[in-house]
>>> print(open('target.txt').read())   # compact mmCIF, C-alpha atoms
# COMPACT_ATOMS: atom_id res chain seq x y z
CA MET A 17 10.57 -12.44 -19.65
CA SER A 18 14.10 -11.52 -18.81
CA THR A 19 16.16 -8.58 -17.63
CA GLN A 20 19.49 -7.83 -19.24
CA SER A 21 21.83 -5.25 -17.79
CA ALA A 22 23.50 -3.04 -20.36
CA THR A 23 26.13 -1.68 -17.99
CA ALA A 24 28.07 -2.91 -15.00
CA HIS A 25 27.33 -1.56 -11.55
CA PRO A 26 30.01 0.97 -10.60
CA ALA A 27 31.22 0.61 -7.05
CA PRO A 28 29.77 3.29 -4.77
CA THR A 29 32.42 5.76 -3.78
CA SER A 30 32.78 7.35 -0.40
CA TYR A 31 32.84 10.97 0.53
CA SER A 32 33.38 12.87 3.71
CA ARG A 33 30.39 14.22 5.58
CA PRO A 34 30.47 17.23 7.87
CA ARG A 35 30.94 16.26 11.47
CA SER A 36 28.08 17.08 13.76
CA ARG A 37 30.29 19.06 16.13
CA ARG A 38 31.44 21.51 13.52
CA ARG A 39 30.16 25.05 13.63
CA PRO A 40 26.80 25.32 11.84
CA SER A 41 27.06 26.48 8.25
CA ARG A 42 26.12 29.98 7.21
CA PHE A 43 22.94 28.57 5.67
CA VAL A 44 21.91 26.98 8.97
CA ARG A 45 22.71 30.17 10.87
CA ASN A 46 20.60 32.16 8.43
CA ILE A 47 17.68 29.78 8.87
CA ILE A 48 17.91 30.05 12.66
CA THR A 49 18.03 33.84 12.41
CA LEU A 50 15.01 33.92 10.10
CA LEU A 51 13.12 31.60 12.43
CA ALA A 52 13.87 33.88 15.38
CA VAL A 53 12.76 36.96 13.46
CA LEU A 54 9.50 35.28 12.47
CA HIS A 55 8.74 34.29 16.06
CA ILE A 56 9.35 37.86 17.17
CA TYR A 57 7.17 39.17 14.34
CA VAL A 58 4.29 36.86 15.29
CA GLY A 59 4.58 37.91 18.93
CA VAL A 60 4.66 41.63 18.14
CA ARG A 61 1.72 41.44 15.75
CA LEU A 62 -0.59 39.10 17.66
CA LEU A 63 0.00 39.35 21.39
CA PRO A 64 -0.85 43.07 21.86
CA ALA A 65 -4.09 42.58 19.91
CA LEU A 66 -5.35 39.66 21.98
CA PRO A 67 -8.09 40.54 24.51
CA ILE A 68 -6.10 39.16 27.45
CA ALA A 69 -4.38 40.67 30.46
CA LEU A 70 -0.63 41.23 30.72
CA PRO A 71 0.12 37.87 32.42
CA GLY A 72 -1.57 36.09 29.53
CA ARG A 73 0.55 37.97 27.02
CA LEU A 74 3.68 37.06 28.95
CA ILE A 75 2.64 33.41 28.80
CA GLY A 76 2.12 33.81 25.06
CA ALA A 77 5.60 35.30 24.70
CA LEU A 78 7.10 32.40 26.65
CA ALA A 79 5.19 29.95 24.45
CA LEU A 80 6.71 31.54 21.34
CA CYS A 81 10.19 31.29 22.89
CA ALA A 82 9.53 27.64 23.69
CA SER A 83 8.32 27.09 20.12
CA PHE A 84 11.53 28.54 18.69
CA ALA A 85 13.67 26.38 20.97
CA LEU A 86 11.63 23.23 20.28
CA ILE A 87 11.97 23.59 16.51
CA ILE A 88 15.76 23.97 16.82
CA VAL A 89 16.17 21.14 19.33
CA GLY A 90 13.78 18.92 17.38
CA ALA A 91 15.79 19.45 14.19
CA ARG A 92 18.93 18.42 16.06
CA ALA A 93 17.16 15.35 17.42
CA ARG A 94 16.11 14.38 13.88
CA ARG A 95 19.78 13.92 13.04
CA THR A 96 20.61 11.65 15.98
CA GLN A 97 17.48 9.45 16.33
CA ASP A 98 19.49 7.43 18.86
CA THR A 99 17.14 7.36 21.85
CA ARG A 100 13.41 7.35 22.48
CA PHE A 101 13.80 10.80 24.03
CA ALA A 102 15.43 12.09 20.82
CA ALA A 103 12.67 10.47 18.76
CA ASN A 104 10.00 12.19 20.86
CA LEU A 105 11.80 15.52 20.54
CA ALA A 106 11.96 15.05 16.77
CA TRP A 107 8.21 14.38 16.68
CA LEU A 108 7.38 17.42 18.82
CA GLY A 109 9.73 19.67 16.87
CA SER A 110 8.25 18.53 13.57
CA LEU A 111 4.69 19.10 14.74
CA ASP A 112 5.63 22.50 16.14
CA GLY A 113 7.38 23.40 12.88
CA GLY A 114 4.23 22.64 10.92
CA PHE A 115 2.08 24.62 13.34
CA PHE A 116 4.38 27.62 13.37
CA SER A 117 4.61 27.64 9.58
CA SER A 118 0.85 28.11 9.37
CA LEU A 119 0.90 30.58 12.26
CA ALA A 120 3.49 32.78 10.57
CA VAL A 121 1.81 32.65 7.15
CA LEU A 122 -1.60 33.45 8.62
CA THR A 123 -0.12 36.34 10.61
CA VAL A 124 1.30 37.83 7.41
CA MET A 125 -2.06 37.35 5.66
CA ARG A 126 -3.81 39.01 8.60
CA ASP A 127 -1.56 42.05 8.31
CA ILE A 128 -2.13 42.29 4.56
CA PHE A 129 -5.89 42.12 5.12
CA LEU A 130 -5.90 44.58 8.02
CA ALA A 131 -3.77 47.26 6.36
CA PRO A 132 -6.53 48.72 4.15
CA THR A 133 -9.38 47.68 6.45
CA VAL A 134 -8.08 49.62 9.45
CA LEU A 135 -7.78 52.76 7.33
CA ILE A 136 -11.46 52.78 6.34
CA ALA A 137 -13.02 51.38 9.51
CA SER A 138 -13.93 53.40 12.59
CA GLY A 139 -11.69 53.25 15.66
CA SER A 140 -13.85 50.81 17.62
CA ALA A 141 -14.58 48.63 14.59
CA ALA A 142 -10.89 48.49 13.67
CA GLY A 143 -10.00 47.51 17.23
CA ALA A 144 -12.61 44.77 17.30
CA LEU A 145 -11.39 43.46 13.94
CA GLU A 146 -7.78 43.40 15.10
CA SER A 147 -8.75 41.53 18.25
CA ALA A 148 -10.98 39.01 16.48
CA SER A 149 -8.38 38.30 13.80
CA ALA A 150 -5.65 37.87 16.42
CA ILE A 151 -7.77 35.15 18.02
CA ALA A 152 -8.62 33.56 14.69
CA VAL A 153 -5.02 33.20 13.48
CA PRO A 154 -3.77 30.67 16.09
CA LEU A 155 -7.08 28.79 15.98
CA LEU A 156 -6.82 28.43 12.20
CA ALA A 157 -3.16 27.40 12.54
CA VAL A 158 -4.18 24.63 14.96
CA LEU A 159 -6.94 23.49 12.60
CA ALA A 160 -4.57 23.43 9.61
CA THR A 161 -2.03 21.44 11.64
CA ILE A 162 -4.60 18.82 12.66
CA ILE A 163 -6.02 18.41 9.15
CA GLY A 164 -2.52 18.37 7.65
CA PHE A 165 -1.37 15.74 10.13
CA ILE A 166 -4.28 13.43 9.34
CA ASP A 167 -3.68 13.83 5.60
CA ALA A 168 0.07 13.21 5.92
CA ARG A 169 -0.23 10.09 8.05
CA ARG A 170 -2.85 8.29 5.97
CA ARG A 171 -1.77 5.76 3.38
CA PRO A 172 -0.91 7.21 -0.03
CA ARG A 173 -3.60 7.15 -2.69
CA VAL A 174 -3.04 5.40 -6.01
CA VAL A 175 -2.93 7.85 -8.94
CA ASP A 176 -3.40 6.43 -12.42
CA VAL A 177 -1.28 8.09 -15.09
CA THR A 178 -1.58 7.24 -18.79
CA VAL A 179 1.40 8.14 -20.97
CA PRO A 180 0.90 7.99 -24.76
CA LEU A 181 4.12 7.11 -26.59
CA PRO A 182 4.48 7.14 -30.38
CA GLY A 183 5.56 3.86 -31.93
CA LEU A 184 5.01 1.84 -28.76
CA PRO A 185 5.26 -1.87 -29.65
CA PRO A 186 1.97 -3.75 -29.22
CA ALA A 187 3.63 -6.06 -26.68
CA LEU A 188 4.25 -3.05 -24.41
CA GLU A 189 0.69 -1.71 -24.60
CA GLY A 190 -0.44 -1.33 -20.99
CA PHE A 191 3.04 -1.80 -19.49
CA THR A 192 2.75 -0.56 -15.91
CA ILE A 193 5.22 1.10 -13.55
CA ALA A 194 4.43 1.76 -9.89
CA GLN A 195 6.32 4.84 -8.76
CA ILE A 196 7.22 5.40 -5.12
CA SER A 197 9.00 8.63 -4.28
CA ASP A 198 10.07 10.78 -1.34
CA VAL A 199 9.01 8.48 1.48
CA HIS A 200 11.59 9.97 3.87
CA VAL A 201 11.82 7.05 6.28
CA GLY A 202 13.31 8.66 9.37
CA PRO A 203 12.28 10.34 12.62
CA THR A 204 8.50 10.22 12.06
CA ILE A 205 8.11 7.64 9.27
CA LYS A 206 8.98 4.11 10.27
CA ARG A 207 8.63 0.48 9.25
CA ASP A 208 4.83 0.25 9.53
CA PHE A 209 4.29 3.25 7.25
CA LEU A 210 6.61 1.77 4.61
CA ARG A 211 5.02 -1.67 4.95
CA GLY A 212 1.67 -0.08 4.11
CA ILE A 213 3.17 1.39 0.92
CA VAL A 214 4.62 -2.00 -0.02
CA ASP A 215 1.24 -3.67 0.50
CA ILE A 216 -0.46 -1.17 -1.81
CA VAL A 217 2.17 -1.56 -4.53
CA ASN A 218 2.02 -5.35 -4.40
CA SER A 219 -1.75 -5.21 -4.82
CA LEU A 220 -1.32 -3.35 -8.13
CA ASP A 221 0.42 -6.28 -9.89
CA VAL A 222 2.73 -4.04 -11.96
CA ASP A 223 5.54 -4.79 -14.37
CA VAL A 224 8.16 -2.56 -12.69
CA VAL A 225 8.47 -0.74 -9.38
CA ALA A 226 10.43 2.53 -9.55
CA ILE A 227 11.65 4.34 -6.42
CA THR A 228 12.73 7.83 -7.42
CA GLY A 229 14.85 8.89 -4.46
CA ASP A 230 14.63 10.50 -1.03
CA LEU A 231 13.75 7.18 0.53
CA VAL A 232 15.53 7.89 3.82
CA ASP A 233 16.48 10.57 6.32
CA GLY A 234 19.12 8.86 8.42
CA SER A 235 21.94 6.37 8.30
CA VAL A 236 21.79 2.64 7.55
CA GLU A 237 22.65 1.96 11.21
CA GLN A 238 19.62 3.97 12.31
CA LEU A 239 17.06 2.90 9.73
CA ALA A 240 17.94 -0.46 8.18
CA PRO A 241 15.15 -2.34 10.06
CA HIS A 242 12.61 0.26 8.97
CA VAL A 243 13.54 -0.02 5.28
CA GLU A 244 13.51 -3.85 5.24
CA PRO A 245 9.89 -4.06 3.94
CA LEU A 246 11.21 -3.01 0.52
CA ALA A 247 12.63 -6.52 0.15
CA HIS A 248 9.02 -7.73 -0.18
CA LEU A 249 8.11 -5.56 -3.18
CA ARG A 250 6.87 -7.64 -6.13
CA ALA A 251 6.94 -6.77 -9.83
CA ARG A 252 7.47 -8.81 -13.00
CA HIS A 253 10.77 -7.12 -13.83
CA GLY A 254 11.86 -6.10 -10.34
CA THR A 255 12.33 -2.90 -8.35
CA TYR A 256 14.65 -0.09 -9.45
CA PHE A 257 16.00 2.76 -7.35
CA VAL A 258 17.77 6.06 -8.01
CA THR A 259 19.32 8.33 -5.41
CA GLY A 260 17.80 11.58 -4.22
CA ASN A 261 19.56 14.42 -2.45
CA HIS A 262 18.59 13.04 0.96
CA GLU A 263 20.43 9.80 0.30
CA TYR A 264 23.61 11.86 0.05
CA TYR A 265 22.79 13.62 3.32
CA SER A 266 22.36 10.17 4.87
CA GLY A 267 25.40 8.32 3.52
CA ALA A 268 24.67 7.28 -0.06
CA PRO A 269 27.36 4.57 -0.46
CA ALA A 270 26.09 2.64 2.55
CA TRP A 271 22.47 2.99 1.41
CA ILE A 272 23.29 1.86 -2.12
CA ALA A 273 24.90 -1.27 -0.70
CA GLU A 274 22.00 -1.89 1.69
CA LEU A 275 19.32 -1.51 -0.98
CA ARG A 276 21.17 -3.88 -3.28
CA ARG A 277 21.35 -6.35 -0.39
CA LEU A 278 17.55 -6.10 -0.14
CA GLY A 279 17.27 -7.06 -3.80
CA LEU A 280 16.69 -3.63 -5.38
CA HIS A 281 18.44 -2.65 -8.61
CA VAL A 282 20.22 0.66 -8.02
CA LEU A 283 20.84 2.59 -11.25
CA LEU A 284 23.76 5.03 -11.09
CA ASN A 285 23.89 6.71 -14.51
CA GLU A 286 23.21 3.35 -16.15
CA HIS A 287 20.43 1.36 -17.76
CA VAL A 288 18.91 -2.05 -18.22
CA VAL A 289 16.96 -3.42 -21.16
CA LEU A 290 13.82 -5.29 -20.16
CA ASN A 291 12.36 -7.95 -22.41
CA HIS A 292 8.58 -7.82 -22.01
CA ARG A 293 6.61 -10.31 -24.09
CA GLY A 294 9.35 -10.24 -26.71
CA ALA A 295 9.63 -6.43 -26.92
CA PRO A 296 12.50 -4.41 -25.41
CA LEU A 297 12.09 -1.45 -23.06
CA LEU A 298 15.05 0.60 -21.90
CA LEU A 299 14.90 1.66 -18.26
CA ALA A 300 17.64 4.02 -17.09
CA GLY A 301 18.42 5.85 -13.88
CA VAL A 302 20.60 8.80 -12.97
CA THR A 303 22.04 9.95 -9.69
CA ASP A 304 20.51 13.00 -8.07
CA TYR A 305 20.91 16.32 -9.86
CA SER A 306 23.05 17.58 -6.95
CA ALA A 307 25.08 14.36 -6.45
CA HIS A 308 28.33 15.91 -7.71
CA GLN A 309 28.34 18.26 -4.73
CA PHE A 310 28.88 15.21 -2.52
CA ASP A 311 30.84 12.97 -4.87
CA PRO A 312 32.19 14.36 -8.19
CA ALA A 313 32.28 10.83 -9.60
CA GLN A 314 28.49 10.59 -9.29
CA ARG A 315 27.56 13.64 -11.33
CA SER A 316 24.08 13.10 -12.79
CA ASP A 317 24.32 12.36 -16.51
CA PRO A 318 21.36 11.10 -18.58
CA GLN A 319 23.58 10.75 -21.65
CA ALA A 320 26.03 8.51 -19.76
CA ALA A 321 23.07 6.41 -18.60
CA LEU A 322 22.58 5.38 -22.25
CA ALA A 323 26.17 4.20 -22.78
CA GLY A 324 26.19 1.08 -24.92
CA ALA A 325 22.45 1.23 -25.69
CA SER A 326 21.24 0.40 -29.17
CA PRO A 327 19.56 3.45 -30.77
CA GLU A 328 16.76 1.17 -31.99
CA VAL A 329 15.60 0.25 -28.48
CA ARG A 330 12.41 2.16 -27.66
CA PRO A 331 10.78 3.32 -25.50
CA ARG A 332 13.34 4.87 -23.20
CA VAL A 333 12.26 5.58 -19.62
CA LEU A 334 14.43 7.56 -17.20
CA LEU A 335 14.24 7.61 -13.41
CA ALA A 336 15.57 10.94 -12.13
CA HIS A 337 14.86 12.30 -8.67
CA GLN A 338 14.59 15.99 -9.60
CA PRO A 339 12.39 17.28 -12.44
CA ARG A 340 15.16 19.65 -13.50
CA SER A 341 16.98 16.69 -15.02
CA ALA A 342 14.37 16.89 -17.79
CA ALA A 343 16.28 19.20 -20.14
CA ALA A 344 19.27 16.86 -20.26
CA ALA A 345 16.96 13.85 -20.52
CA ALA A 346 15.17 15.37 -23.52
CA ASP A 347 18.51 16.11 -25.19
CA ALA A 348 19.60 12.50 -24.59
CA GLY A 349 16.49 11.20 -26.34
CA PHE A 350 14.38 9.77 -23.52
CA ASP A 351 10.64 9.37 -24.00
CA LEU A 352 9.50 9.49 -20.35
CA GLN A 353 11.05 10.74 -17.13
CA LEU A 354 9.70 9.80 -13.69
CA SER A 355 10.68 12.24 -10.93
CA GLY A 356 9.78 13.37 -7.44
CA HIS A 357 11.57 15.77 -5.06
CA THR A 358 8.93 18.52 -5.03
CA HIS A 359 6.31 16.78 -2.85
CA GLY A 360 3.90 18.83 -4.94
CA GLY A 361 4.71 21.61 -2.47
CA GLN A 362 3.39 19.45 0.45
CA PHE A 363 1.27 22.23 1.93
CA TRP A 364 0.14 25.71 1.03
CA PRO A 365 1.65 28.22 0.36
CA TRP A 366 5.00 26.47 -0.28
CA ASN A 367 3.62 24.76 -3.38
CA LEU A 368 3.58 28.22 -4.97
CA PHE A 369 7.37 28.51 -4.69
CA VAL A 370 8.43 25.15 -6.16
CA ARG A 371 8.60 26.59 -9.67
CA LEU A 372 11.37 28.95 -8.56
CA GLN A 373 13.69 25.91 -8.52
CA GLN A 374 12.01 23.17 -10.54
CA PRO A 375 10.41 23.26 -14.00
CA PHE A 376 7.47 21.13 -12.84
CA THR A 377 5.63 20.83 -9.54
CA ALA A 378 3.37 17.80 -9.86
CA GLY A 379 1.61 15.64 -12.41
CA LEU A 380 2.22 14.93 -16.10
CA ASP A 381 3.97 17.55 -18.22
CA ARG A 382 5.70 17.75 -21.58
CA LEU A 383 9.13 19.12 -22.52
CA ALA A 384 9.64 18.91 -26.28
CA SER A 385 9.11 15.19 -27.04
CA LEU A 386 9.75 14.12 -23.43
CA TRP A 387 6.94 13.29 -21.03
CA VAL A 388 7.73 14.11 -17.40
CA TYR A 389 5.71 12.80 -14.47
CA THR A 390 6.46 14.46 -11.13
CA SER A 391 5.22 12.59 -8.07
CA ARG A 392 3.72 14.42 -5.11
CA GLY A 393 5.59 11.97 -2.91
CA SER A 394 4.58 8.87 -0.99
CA GLY A 395 5.52 10.27 2.44
CA TYR A 396 6.50 13.74 3.61
CA TRP A 397 9.52 15.65 4.82
CA GLY A 398 9.80 17.75 7.97
CA PRO A 399 6.42 18.54 9.49
CA PRO A 400 3.95 15.64 9.34
CA LYS A 401 1.62 17.87 7.36
CA ARG A 402 -0.05 17.88 3.95
CA LEU A 403 -2.69 20.38 2.91
CA GLY A 404 -4.35 20.04 -0.46
CA VAL A 405 -1.44 17.92 -1.72
CA PRO A 406 -2.16 14.30 -0.79
CA SER A 407 0.62 11.70 -0.90
CA GLU A 408 0.54 9.23 -3.75
CA ILE A 409 1.76 6.09 -5.43
CA ALA A 410 1.63 6.59 -9.20
CA ARG A 411 0.57 3.71 -11.43
CA VAL A 412 2.02 4.75 -14.79
CA ARG A 413 0.59 2.97 -17.82
CA LEU A 414 2.24 3.14 -21.24
CA VAL A 415 -0.07 3.25 -24.26
CA ALA A 416 0.46 3.83 -27.95
CA ALA A 417 -0.10 7.44 -29.00
CA ALA A 418 -2.90 7.98 -31.48
CA GLN A 419 -1.74 8.38 -35.07
CA SER A 420 -1.96 11.98 -36.25
>>> encode(input="target.txt", output="structure tokens")
Amino acid sequence: MSTQSATAHPAPTSYSRPRSRRRPSRFVRNIITLLAVLHIYVGVRLLPALPIALPGRLIGALALCASFALIIVGARARRTQDTRFAANLAWLGSLDGGFFSSLAVLTVMRDIFLAPTVLIASGSAAGALESASAIAVPLLAVLATIIGFIDARRRPRVVDVTVPLPGLPPALEGFTIAQISDVHVGPTIKRDFLRGIVDIVNSLDVDVVAITGDLVDGSVEQLAPHVEPLAHLRARHGTYFVTGNHEYYSGAPAWIAELRRLGLHVLLNEHVVLNHRGAPLLLAGVTDYSAHQFDPAQRSDPQAALAGASPEVRPRVLLAHQPRSAAAAADAGFDLQLSGHTHGGQFWPWNLFVRLQQPFTAGLDRLASLWVYTSRGSGYWGPPKRLGVPSEIARVRLVAAAQS
């Protein structure tokens, strides 16, 4: 069994990154403003309804102010990761962000529920309901944060995915790909977490390992030791990687070089042809859908990834970080696309909004003749929290489609 590259590796190009001392962008300022408004909203809606004296409400108001500050400072600490103090701040800010997300959502749900109830209930009953619900909201937010933390920090489950492909050569029946996606090694995910993922993948004895982007949240200088376990991944035809948007936030050229040093095959709008038991399989990879915003030379292009490929080589599998590459992949003639990016929504209710940006949220879908599998992610981003959307490692198995 051999691996033959159909294209040469283009040299990673550099691009300028915003300096940390520059004024925050309008987007960042808008997020901070929204976060402040939500903290005020939670305080106004919950604190007066709590059955506590004025000093207790003042303490609650101070706690909300501290929460707002901790989320902002923690986000800043996530970028530096240069001291243990910064790492602890990043952890606390992430946990607080997850807690406050649930707190704000539950406060909105409480108001929606109370609006008609207060109108039909008697004065004393309405008051009791407002008080009881004001107590319940933070308690439920704490419970959701604890459950979400436990679910996020456990090892990813293995999800078996069977993809039926017409005309699949008998030699490729049962060909397996282990997909890792969206680990987000960084402030709260370190070497041990990634080593656990590597151990699981190696136990699967697959033909190919595919890493579909958003591996890191930080620079090579910060995280190289924590990514080193990837060098121990084992598969018959090797490990292949494509960039996600977070690689570009973190210095993509340096990460491309580092991952190649670790023995990974980085596919930048290019492909390889794998020879498996005498049958060819084309495996291609594109840069992230948004890569051109950081480096115009790395614009994602599924058609370019097929340059020089024989039209007779089937099947054609594409690694693309974002599901919204699917339309171009279908037009280019791919049979299967493996993607990530969405995290499956990570935790409710944000999973409901993924479809506003992406065509698929999680699992196996079809676009014309193209199969698309969207991973729920092998790690998490931001708050260490998953609710109803467990992390995963997908074991994708190719089988011949039944004759119609």
>>> atom_distance(input="target.txt", atom1="CA of Trp107 in chain A", atom2="CA of Gly202 in chain A")
10.6 Å
>>> closest_residue(input="target.txt", among="A:Pro406, A:Trp366, A:Gly183, A:Ala79", to="Arg332 in chain A", atoms="all atoms listed in the file")
A:Gly183
>>> residues_around(input="target.txt", residues="Arg293 in chain A", least_positions_apart="2", cutoff="8 Å", atoms="only C-alpha atoms", output="ChimeraX atom specification")
/A:17,187-188,291,295
>>> write_last_selection(input="target.txt", atoms="C-alpha atoms", output="mmCIF file, in the coordinates of the input")
data_model
loop_
_atom_site.group_PDB
_atom_site.id
_atom_site.type_symbol
_atom_site.label_atom_id
_atom_site.label_comp_id
_atom_site.auth_asym_id
_atom_site.auth_seq_id
_atom_site.Cartn_x
_atom_site.Cartn_y
_atom_site.Cartn_z
ATOM 1 C CA MET A 17 10.570 -12.440 -19.650
ATOM 2 C CA ALA A 187 3.630 -6.060 -26.680
ATOM 3 C CA LEU A 188 4.250 -3.050 -24.410
ATOM 4 C CA ASN A 291 12.360 -7.950 -22.410
ATOM 5 C CA ALA A 295 9.630 -6.430 -26.920
#
>>> closest_residue(input="target.txt", among="A:Gly190, A:Gly113, A:Pro185, A:Pro339", to="Ala157 in chain A", atoms="only C-alpha atoms")
A:Gly113
>>> atom_distance(input="target.txt", atom1="CA of Thr204 in chain A", atom2="CA of Tyr265 in chain A")
17.1 Å
>>> closest_residue(input="target.txt", among="A:Ser83, A:Asn46, A:Gln195, A:Thr377", to="Ile213 in chain A", atoms="all atoms listed in the file")
A:Gln195
>>> residues_around(input="target.txt", residues="Val258 in chain A", least_positions_apart="5", cutoff="12 Å", atoms="all atoms listed in the file", output="PyMOL selection string")
chain A and resi 195-198+225-231+263-264+268+271-272+275-276+280-287+299-305+307+314+316+321+334-338+354-357
>>> atom_distance(input="target.txt", atom1="CA of Gly109 in chain A", atom2="CA of Asp233 in chain A")
15.5 Å
>>> residues_around(input="target.txt", residues="Ala52 in chain A", least_positions_apart="6", cutoff="12 Å", atoms="only C-alpha atoms", output="list in words")
Arg45, Asn46, Val58, Gly59, Leu80, Cys81, Ala82, Ser83, Phe84, Ala85, Leu86, Ile87, Ile88, Phe116 and Ala120 of chain A
>>> closest_residue(input="target.txt", among="A:Leu111, A:Val333, A:Val158, A:Leu322", to="Pro400 in chain A", atoms="all atoms listed in the file")
A:Leu111
>>> residues_around(input="target.txt", residues="Glu244 in chain A", least_positions_apart="5", cutoff="9 Å", atoms="all atoms listed in the file", output="ChimeraX atom specification")
/A:207,210-211,239,275,278
>>> closest_residue(input="target.txt", among="A:Ile193, A:Val217, A:Val232, A:Ala251", to="Ile205 in chain A", atoms="all atoms listed in the file")
A:Val232
>>> closest_residue(input="target.txt", among="A:Arg170, A:Arg413, A:Arg126, A:Arg252", to="Ala65 in chain A", atoms="all atoms listed in the file")
A:Arg126
>>> decode(input="target.txt", residues="range 386-398 of chain A", atoms="N, CA and C atoms", output="mmCIF file, in the first residue's frame")
data_model
loop_
_atom_site.group_PDB
_atom_site.id
_atom_site.type_symbol
_atom_site.label_atom_id
_atom_site.label_comp_id
_atom_site.auth_asym_id
_atom_site.auth_seq_id
_atom_site.Cartn_x
_atom_site.Cartn_y
_atom_site.Cartn_z
ATOM 1 N N LEU A 386 -23.532 14.437 -3.211
ATOM 2 C CA LEU A 386 -22.447 14.538 -2.218
ATOM 3 C C LEU A 386 -22.948 14.185 -0.825
ATOM 4 N N TRP A 387 -22.264 13.251 -0.171
ATOM 5 C CA TRP A 387 -22.496 13.006 1.247
ATOM 6 C C TRP A 387 -21.660 13.991 2.056
ATOM 7 N N VAL A 388 -22.243 14.525 3.127
ATOM 8 C CA VAL A 388 -21.523 15.444 4.010
ATOM 9 C C VAL A 388 -21.685 14.956 5.440
ATOM 10 N N TYR A 389 -20.552 14.689 6.096
ATOM 11 C CA TYR A 389 -20.607 14.360 7.521
ATOM 12 C C TYR A 389 -20.023 15.522 8.317
ATOM 13 N N THR A 390 -20.810 16.042 9.245
ATOM 14 C CA THR A 390 -20.403 17.177 10.075
ATOM 15 C C THR A 390 -20.174 16.695 11.504
ATOM 16 N N SER A 391 -18.940 16.778 11.945
ATOM 17 C CA SER A 391 -18.585 16.333 13.297
ATOM 18 C C SER A 391 -19.104 17.294 14.350
ATOM 19 N N ARG A 392 -19.462 16.740 15.501
ATOM 20 C CA ARG A 392 -19.843 17.568 16.651
ATOM 21 C C ARG A 392 -18.622 18.080 17.397
ATOM 22 N N GLY A 393 -17.437 17.692 16.942
ATOM 23 C CA GLY A 393 -16.206 18.166 17.554
ATOM 24 C C GLY A 393 -15.670 17.206 18.591
ATOM 25 N N SER A 394 -14.345 17.161 18.693
ATOM 26 C CA SER A 394 -13.685 16.270 19.648
ATOM 27 C C SER A 394 -13.300 16.985 20.935
ATOM 28 N N GLY A 395 -13.422 18.306 20.967
ATOM 29 C CA GLY A 395 -13.156 19.093 22.170
ATOM 30 C C GLY A 395 -14.293 20.077 22.384
ATOM 31 N N TYR A 396 -13.960 21.316 22.616
ATOM 32 C CA TYR A 396 -14.965 22.372 22.774
ATOM 33 C C TYR A 396 -14.259 23.696 22.627
ATOM 34 N N TRP A 397 -15.040 24.741 22.422
ATOM 35 C CA TRP A 397 -14.468 26.082 22.345
ATOM 36 C C TRP A 397 -15.147 26.968 23.382
ATOM 37 N N GLY A 398 -14.346 27.857 23.990
ATOM 38 C CA GLY A 398 -14.923 28.781 24.971
ATOM 39 C C GLY A 398 -15.234 28.075 26.268
#
